[in-house]
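Beneath this line is the structure, given in structure tokens, with notes to follow.
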Amino acid sequence: MAASSSFLSTASLSNPKSTISFASSVSPAPIPSLRRVVFRSPSSRRRVMTIRSKIREIFMPALSSTMTEGKIVSWIKTEGEKLAKGESVVVVESDKADMDVETFYDGYLAAIVVGEGETAPVGAAIGLLAETEAEIEEAKNKAASKPSSSAVVPSPPPATSSPAPAIAQPSPAAAASDGPRKTVATPHAKKLAKQHKVDIGSVAGTGPFGRITASDVEAAAGLAPTVTPPPPPPPPAAAPAPTAKATTTSSPPLLPDASIVPFTAMQSAVSKNMIESLSVPTFRVGYPVNTDALDALYEKVKPKGVTMTALLAKAAGMALAQHPVVNASCKDGKSFSYNSNINVAVAVAINGGLITPVLQDANKLDLYLLSQKWKELVGKARSKQLQPHEYNSGTFTLSNLGMFGVDRFDAILPPGQGAIMAVGASKPTVVADKDGFFSVKNKMLVNVTADHRIVYGADLAAFLQTFAKIVENPDSLTL
Amino acid sequence: LSSIFSLSPDRSLFLTMQSAVALPFSQTPLTRPSRLLGSTGSIFSTPRSLRFCGLRREAFCSSPSTHLTLRSDRVRIPSTRFKVSAAATTNGAPPPKSFDYDLIIIGAGVGGHGAALHAVEKGLKTAIIEGDVVGGTCVNRGCVPSKALLAVSGRMRELQNEHHMKSFGLQVSAAGYDRQGVADHANNLATKIRNNLTNSMKALGVDILTGFGSVLGPQKVKYGKDNIITAKNIIIATGSVPFVPKGIEVDGKTVITSDHALKLESVPDWIAIVGSGYIGLEFSDVYTALGSEVTFIEALDQLMPGFDPEISKLAQRVLINPRKIDYHTGVFASKITPAKDGKPVMIELIDAKTKEHKDTLEVDAALIATGRAPFTNGLGLENVNVVTQRGFIPVDERMRVIDGNGKLVPNLYCIGDANGKLMLAHAASAQGISVVEQVTGRDHVLNHLSIPAACFTHPEISMVGLTEPQAREKGETEGFKVSVAKTSFKANTKALAENEGEGIAKMIYRPDNGEILGVHIFGLHAADLIHEASNAIALGTRIQDIKLAVHAHPTLSEVLDELFKAAKVEGHATTKTVSEKVAV
């Protein structure tokens, strides 16, 4: 019992208000390029330390690793009051707590630069300390010549912050022309901008309604997007070629009027995937497909809400079912990974980005369900509501640029998949049959890019033949 | 305290989810702007305490029913046996006039339920009328489902806090959640509690009558289409509904109230919460844990205006600043338009004082948490000449309803949110029990200053009694000294074991006699810790006595132990009660 009673009395009350000392002029690293005004009167004697001066600035201290600015709760000392080393001078409120700040030097509080209730960034001068009474006046004059206390001097980042982002700021003229359009930034975006000293006005918003989101600010600050917790904002998964922008490694000098817009999180992910694809040996096989029957079917089912995407995905799914190797992938360079499901990812361009929502079990679902599912996925993609499994579970990708009149193109194989199909426009083509009769048929060119480690030319050809047969006799699609 | 109302008279009905209310109600429970009461006579514009005194006297000499019950009580007292049989007979055959019931309660929320259970215990034949679902706001659209959501948000927060997990040596891969699963948890909990409530009343023989109830006349109630019943006493316990200020269009999808939010039909990327009281604060905890960003809109100049200033300052550092939350203070949301035609939710902000346009916000959703309005329409109050004030039913300190002439309405009581004294579920229940005590012959006045309140954020906030400024003001006018004792959760072993050292507790007390005036806690399990203090206040226990009571070590309860021990009471070395106990 005696032992436990000693326990009972051990808890000591720790005052939440703690004390911290500031080192003004001698502060070593924390304030690199501070606009420290070193005052030196002509009459000053030589000192041992050359940086020392008779009038010192009292800086806003960094009271925590996350503190970027502090608020003056109260000045314990008044102007003209004598200070002894170790005495508390001012109470500063940080993001975490109120702390007394004490002086390392004897002297006089000559001038208060930042008043009570005002805020100053870490490292900014908040007051002046004079060594002798005689210097108080001098210090006051200096204080008066400083910009008004509320106009806070921009301070350099504290030592703990990341290196300055190497991004070109848009010219002021451009910003001005944006005038009428109000910038809308989310709470987190604003906090991050403040933390990383990013001018929120210079960030391009890519969120809903053009608002600036946390990832926009992170991109602007040159940071890797943090993986945000619960509802993961759908970062793009596989990214086929069509809309991917070439990433130039060489950086030629910028033309004078050029502006640099950093990648959004989605664009960064596309870029990463594209670079990754370079390590896969790919080849391409093209095939013309007669679409007269498909077009006729499409006209028939269109009123029921069936889309061309669903038709093509269904056809590809059915063909893949007969050619499992095209639906496989090569994960380690040593083996085939056969996928048990046929999940057809379809590339979609959404404002400034590219994402591949996945139609799962495309071979099994009927056309109507697929069409419905597709509409739902596109809606979610637009509102950034896609769940990870809805954009990264694809086993085969379909990319269709036919609606733009593109007659043929080739796609880049997304990492983790065995093949991707690029579909061009269907257009009337003059063909000669085996008897030499000319006729006009609708033809579209499909071009499949595949990983040659697992899919060989004959495999791809056979797959395309099956695919063409299904499309040319599309009745099976509706079963 | 009264500033809350005076600054925003048109939108400040108090607010809060029942469990989570609190408020500085303490001294002047009905701080409604007196201009609204103008027509009802000067009696209401005098300070409350004075009015109570006057009414109490009046009640004692003019209310025959009180006399009757008092007398019968006297008869019953001599023997317990008598008491039992007397109760049995009254239950079946009410004396002079024949009533259907001894007590009818209109409204089966937590207040009505508490009153009903206590009435049965006291031998009253009791009926409860409910026009909607048993359980009322608290169980169906308030404290209960919100606790389910907060339980989820607490866990999410913990699992997502890598630093916190690492400090335990735990490794957790990305935590995720299924919105529907979370919503189901809240819904299932409400259903379970609703059934418990219903069953407990049925088991005791309370008649649950279904239909909308209204007062037809003295001791007469109508429910449903045209069922008329009579009772010796009637309690109105109809509660409240979310208050939506003018100019705000609630569509239930993108502009919502707590009623909708508790169903968790969506988790918007960015939600504005209008009002930073308990409801708003708790929802900000839920939404930010589930990944939303939050913007607070507060009419007053600072967030969390109802709390002790020191607590709200610390709470802001922990609950607001480090989270994905920003805020606009000193502004009204004058107009809120739901998202439509491809446009987001638009919120017009005007300066609370100058009424000038300040800003327009574009967000994905808006939650209106500006308080709750009494649900008293269609109650037939005109039949007994009662005039509501801003919808609230005027009552005296014994919950007796006051009519338009300032007179008591015999046999009619009003408890809970409908009277607006203290809009908390447990306050309603306590008021109901107090009424039953009175109608069964024991005079009882509930001490509202001993009713604790809690806000279930992570960590929690709880309080009882006065805030420090209120206590200092009271000390000044009444001429006593006020002292404050404080302790930090960082000094508590159990809190440190849980890696939850963030938090403080403070006690405001009189150093001259050791009376506890108020206790405020912000920290782990604050809502559970407050009761030692609220019980001490309710029972009048002094610090010099309670400081000798023993707390198990190591427990969070030692936070209060620290407070009691840190208090400096003048000249009270030992105390009678404890030494007697030691002797036994």
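Quick note on naming: the chains in the structure tokens go A, B, ... in the order shown, residues restart at 1 in each chain, and ligands are numbered from 1 in order of appearance.
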_Near chain A, meaning an atom within 7 Å, which residues of chain B appear when counting only C-alpha atoms? Write them as an MDAnalysis selection string._
chainID B and resid 160 175:177 290:291 293:295 317 324:326 487:488 490:492 553
_Env of Glu79 in chain A: 12 Å cut, atoms = only C-alpha atoms, seq-sep filter 4 positions within chain, self excluded. Answer as a list in words._
Trp75, Leu83, Val89, Val90, Gly107, Tyr108, Leu109, Ala110, Ala111, Ile112, Val113, Gly115, Gly127, Leu128, Leu129, Ala130, Glu133, Ile136, Glu137, Ala139, Lys140 and Ala143 of chain A
_Distance query range 181-192 of chain B at most 8 Å, only C-alpha atoms, self and fewer than 3 positions along chain excluded, as a ChimeraX atom specification_ = /B:139-140,144-149,152,177-178,195-196,262-265
For the selection just defined, write its residues with N, CA and C atoms to a file, as a tab-separated table (two decimals), in the first residue's frame.
```tsv
chain	number	residue	atom	x	y	z
B	139	VAL	N	-33.11	9.75	-29.47
B	139	VAL	CA	-32.87	8.37	-29.87
B	139	VAL	C	-32.85	8.21	-31.39
B	140	ASN	N	-33.71	8.96	-32.08
B	140	ASN	CA	-33.84	8.72	-33.52
B	140	ASN	C	-33.03	9.67	-34.40
B	144	VAL	N	-28.22	9.72	-29.94
B	144	VAL	CA	-27.91	8.30	-30.08
B	144	VAL	C	-27.23	7.97	-31.41
B	145	PRO	N	-27.88	8.25	-32.57
B	145	PRO	CA	-27.16	7.93	-33.81
B	145	PRO	C	-25.85	8.72	-33.96
B	146	SER	N	-25.81	9.94	-33.41
B	146	SER	CA	-24.57	10.69	-33.57
B	146	SER	C	-23.44	10.03	-32.80
B	147	LYS	N	-23.75	9.38	-31.69
B	147	LYS	CA	-22.70	8.67	-30.94
B	147	LYS	C	-22.16	7.51	-31.76
B	148	ALA	N	-23.04	6.89	-32.56
B	148	ALA	CA	-22.58	5.79	-33.40
B	148	ALA	C	-21.59	6.32	-34.43
B	149	LEU	N	-21.94	7.45	-35.05
B	149	LEU	CA	-21.03	8.03	-36.05
B	149	LEU	C	-19.72	8.47	-35.40
B	152	VAL	N	-17.32	5.72	-34.81
B	152	VAL	CA	-16.58	5.40	-36.03
B	152	VAL	C	-15.48	6.44	-36.26
B	177	TYR	N	-13.18	3.00	-45.01
B	177	TYR	CA	-14.48	2.74	-44.43
B	177	TYR	C	-15.50	2.56	-45.53
B	178	ASP	N	-16.62	1.94	-45.14
B	178	ASP	CA	-17.71	1.74	-46.08
B	178	ASP	C	-18.86	2.62	-45.57
B	195	ASN	N	-36.29	0.33	-29.39
B	195	ASN	CA	-36.98	-0.86	-28.91
B	195	ASN	C	-36.81	-1.02	-27.40
B	196	ASN	N	-35.61	-0.75	-26.91
B	196	ASN	CA	-35.39	-0.84	-25.47
B	196	ASN	C	-36.33	0.10	-24.72
B	262	LEU	N	-27.41	12.62	-40.02
B	262	LEU	CA	-27.24	11.40	-39.24
B	262	LEU	C	-27.49	10.14	-40.06
B	263	LYS	N	-28.17	10.30	-41.19
B	263	LYS	CA	-28.38	9.14	-42.06
B	263	LYS	C	-27.14	8.87	-42.89
B	264	LEU	N	-26.24	9.83	-42.92
B	264	LEU	CA	-24.97	9.71	-43.63
B	264	LEU	C	-25.16	9.19	-45.06
B	265	GLU	N	-26.05	9.83	-45.79
B	265	GLU	CA	-26.29	9.37	-47.16
B	265	GLU	C	-25.16	9.74	-48.10
```
_Residues flagged helix (DSSP H, G or I) by DSSP in range 255-396 of chain A, as a PyMOL selection string_ = chain A and resi 265-277+292-304+308-322+324-327+367-382+388-390
*Go ahead and compute the interatomic distance for CA of Arg400 in chain B and CA of Asn383 in chain B, in Å to one decimal.*
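Between CA of Arg400 in chain B and CA of Asn383 in chain B the gap is 16.2 Å.
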*Of the residues B:Gly432, B:Gly514, B:Gly123, B:Gly275, which is the one nearest to Gly371 in chain B, using only C-alpha atoms?*
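Closest residue, counting only C-alpha atoms: B:Gly275.
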*May I have the residues within 12 Å of Leu539 in chain B as a ChimeraX atom specification, using only C-alpha atoms and disregarding those fewer than 3 positions away in the same chain?*
/B:446-447,449-451,515-516,531-536,542-543,545-546
*asked:* At a cut-off of 12 Å, using only C-alpha atoms, what residues contact Leu303 in chain B? Leave out same-chain residues fewer than 5 positions from it and give the result as an NGL selection string.
replied: :B and (4 or 273-278 or 280-281 or 295-298 or 308-309 or 311-317 or 319-321 or 325-331)
*Would you work out the distance separating CA of Leu548 in chain B from CA of Lys568 in chain B, expressed in Å to one decimal?*
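Separating CA of Leu548 in chain B from CA of Lys568 in chain B is a distance of 13.5 Å.
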*Run DSSP on the backbone and give me the residues of range 94-142 of chain A it puts in strand (DSSP E), as a list in words.*
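Selection result, strand (DSSP E) within range 94-142 of chain A: Asp98, Met99, Asp100, Val101, Glu102, Gly107, Tyr108, Leu109, Ala110, Ala111, Ile112, Thr119, Ala120, Pro121, Ala125, Ile126, Gly127, Leu128, Leu129 and Ala130 of chain A.
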Residues as selected, N, CA and C atoms, written as a PDB file, in the first residue's frame, can you do that?
```pdb
ATOM      1  N   ASP A  98       0.353  28.399 -25.752  1.00  0.00           N
ATOM      2  CA  ASP A  98       0.893  29.715 -25.407  1.00  0.00           C
ATOM      3  C   ASP A  98       2.232  29.484 -24.723  1.00  0.00           C
ATOM      4  N   MET A  99       3.226  30.246 -25.110  1.00  0.00           N
ATOM      5  CA  MET A  99       4.507  30.062 -24.445  1.00  0.00           C
ATOM      6  C   MET A  99       5.111  31.409 -24.097  1.00  0.00           C
ATOM      7  N   ASP A 100       5.763  31.421 -22.946  1.00  0.00           N
ATOM      8  CA  ASP A 100       6.526  32.600 -22.573  1.00  0.00           C
ATOM      9  C   ASP A 100       7.835  32.556 -23.352  1.00  0.00           C
ATOM     10  N   VAL A 101       8.231  33.693 -23.873  1.00  0.00           N
ATOM     11  CA  VAL A 101       9.503  33.755 -24.578  1.00  0.00           C
ATOM     12  C   VAL A 101      10.429  34.629 -23.748  1.00  0.00           C
ATOM     13  N   GLU A 102      11.607  34.109 -23.481  1.00  0.00           N
ATOM     14  CA  GLU A 102      12.503  34.886 -22.619  1.00  0.00           C
ATOM     15  C   GLU A 102      13.733  35.360 -23.389  1.00  0.00           C
ATOM     16  N   GLY A 107      19.326  44.005 -21.231  1.00  0.00           N
ATOM     17  CA  GLY A 107      19.132  45.204 -22.039  1.00  0.00           C
ATOM     18  C   GLY A 107      17.789  45.823 -21.761  1.00  0.00           C
ATOM     19  N   TYR A 108      17.319  46.546 -22.724  1.00  0.00           N
ATOM     20  CA  TYR A 108      16.046  47.251 -22.580  1.00  0.00           C
ATOM     21  C   TYR A 108      15.133  46.877 -23.739  1.00  0.00           C
ATOM     22  N   LEU A 109      13.873  46.713 -23.434  1.00  0.00           N
ATOM     23  CA  LEU A 109      12.918  46.492 -24.509  1.00  0.00           C
ATOM     24  C   LEU A 109      12.688  47.855 -25.143  1.00  0.00           C
ATOM     25  N   ALA A 110      13.340  48.074 -26.256  1.00  0.00           N
ATOM     26  CA  ALA A 110      13.339  49.408 -26.836  1.00  0.00           C
ATOM     27  C   ALA A 110      12.050  49.704 -27.590  1.00  0.00           C
ATOM     28  N   ALA A 111      11.592  48.741 -28.356  1.00  0.00           N
ATOM     29  CA  ALA A 111      10.402  49.001 -29.169  1.00  0.00           C
ATOM     30  C   ALA A 111       9.653  47.713 -29.410  1.00  0.00           C
ATOM     31  N   ILE A 112       8.349  47.834 -29.420  1.00  0.00           N
ATOM     32  CA  ILE A 112       7.508  46.689 -29.761  1.00  0.00           C
ATOM     33  C   ILE A 112       7.085  46.870 -31.210  1.00  0.00           C
ATOM     34  N   THR A 119      -0.235  39.143 -35.520  1.00  0.00           N
ATOM     35  CA  THR A 119       0.415  37.899 -35.913  1.00  0.00           C
ATOM     36  C   THR A 119       1.651  38.203 -36.749  1.00  0.00           C
ATOM     37  N   ALA A 120       2.685  37.424 -36.572  1.00  0.00           N
ATOM     38  CA  ALA A 120       3.885  37.589 -37.380  1.00  0.00           C
ATOM     39  C   ALA A 120       4.414  36.227 -37.757  1.00  0.00           C
ATOM     40  N   PRO A 121       4.994  36.118 -38.969  1.00  0.00           N
ATOM     41  CA  PRO A 121       5.565  34.833 -39.356  1.00  0.00           C
ATOM     42  C   PRO A 121       6.803  34.506 -38.526  1.00  0.00           C
ATOM     43  N   ALA A 125      10.819  40.073 -37.113  1.00  0.00           N
ATOM     44  CA  ALA A 125      11.132  40.836 -35.907  1.00  0.00           C
ATOM     45  C   ALA A 125       9.831  41.240 -35.231  1.00  0.00           C
ATOM     46  N   ILE A 126       9.742  41.011 -33.941  1.00  0.00           N
ATOM     47  CA  ILE A 126       8.530  41.414 -33.228  1.00  0.00           C
ATOM     48  C   ILE A 126       8.829  42.523 -32.232  1.00  0.00           C
ATOM     49  N   GLY A 127      10.117  42.724 -31.951  1.00  0.00           N
ATOM     50  CA  GLY A 127      10.480  43.793 -31.031  1.00  0.00           C
ATOM     51  C   GLY A 127      11.971  44.075 -31.141  1.00  0.00           C
ATOM     52  N   LEU A 128      12.410  45.174 -30.534  1.00  0.00           N
ATOM     53  CA  LEU A 128      13.828  45.517 -30.578  1.00  0.00           C
ATOM     54  C   LEU A 128      14.357  45.606 -29.154  1.00  0.00           C
ATOM     55  N   LEU A 129      15.557  45.115 -29.023  1.00  0.00           N
ATOM     56  CA  LEU A 129      16.199  45.088 -27.721  1.00  0.00           C
ATOM     57  C   LEU A 129      17.433  45.990 -27.775  1.00  0.00           C
ATOM     58  N   ALA A 130      17.482  46.985 -26.911  1.00  0.00           N
ATOM     59  CA  ALA A 130      18.642  47.874 -26.900  1.00  0.00           C
ATOM     60  C   ALA A 130      19.528  47.490 -25.736  1.00  0.00           C
TER      61      ALA A 130
END
```
*Find, counting only C-alpha atoms, the residue in A:Ser279, A:Gln267, A:Ser476, A:Thr307 that gets nearest to Ser371 in chain A.*
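Among the listed residues, the smallest separation from Ser371 in chain A belongs to A:Thr307.
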*Between B:Lys494, B:Thr238, B:Ala333, B:Val215, single out the one closest to Cys414 in chain B, counting only C-alpha atoms.*
B:Thr238
*Pick from B:His448, B:Arg398, B:Arg372, B:His525 nearest to Val435 in chain B, counting only C-alpha atoms*: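 Smallest distance to Val435 in chain B is found for B:Arg398.
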*By how many Å are CA of Arg155 in chain B and CA of Pro322 in chain B apart?*
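Interatomic distance, CA of Arg155 in chain B to CA of Pro322 in chain B: 17.5 Å.
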*For Asp417 in chain B, the nearest of the candidates B:Thr440, B:Thr137, B:Ser98, B:Ser334, counting only C-alpha atoms*: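 Under the stated criterion, the closest residue is B:Thr137.
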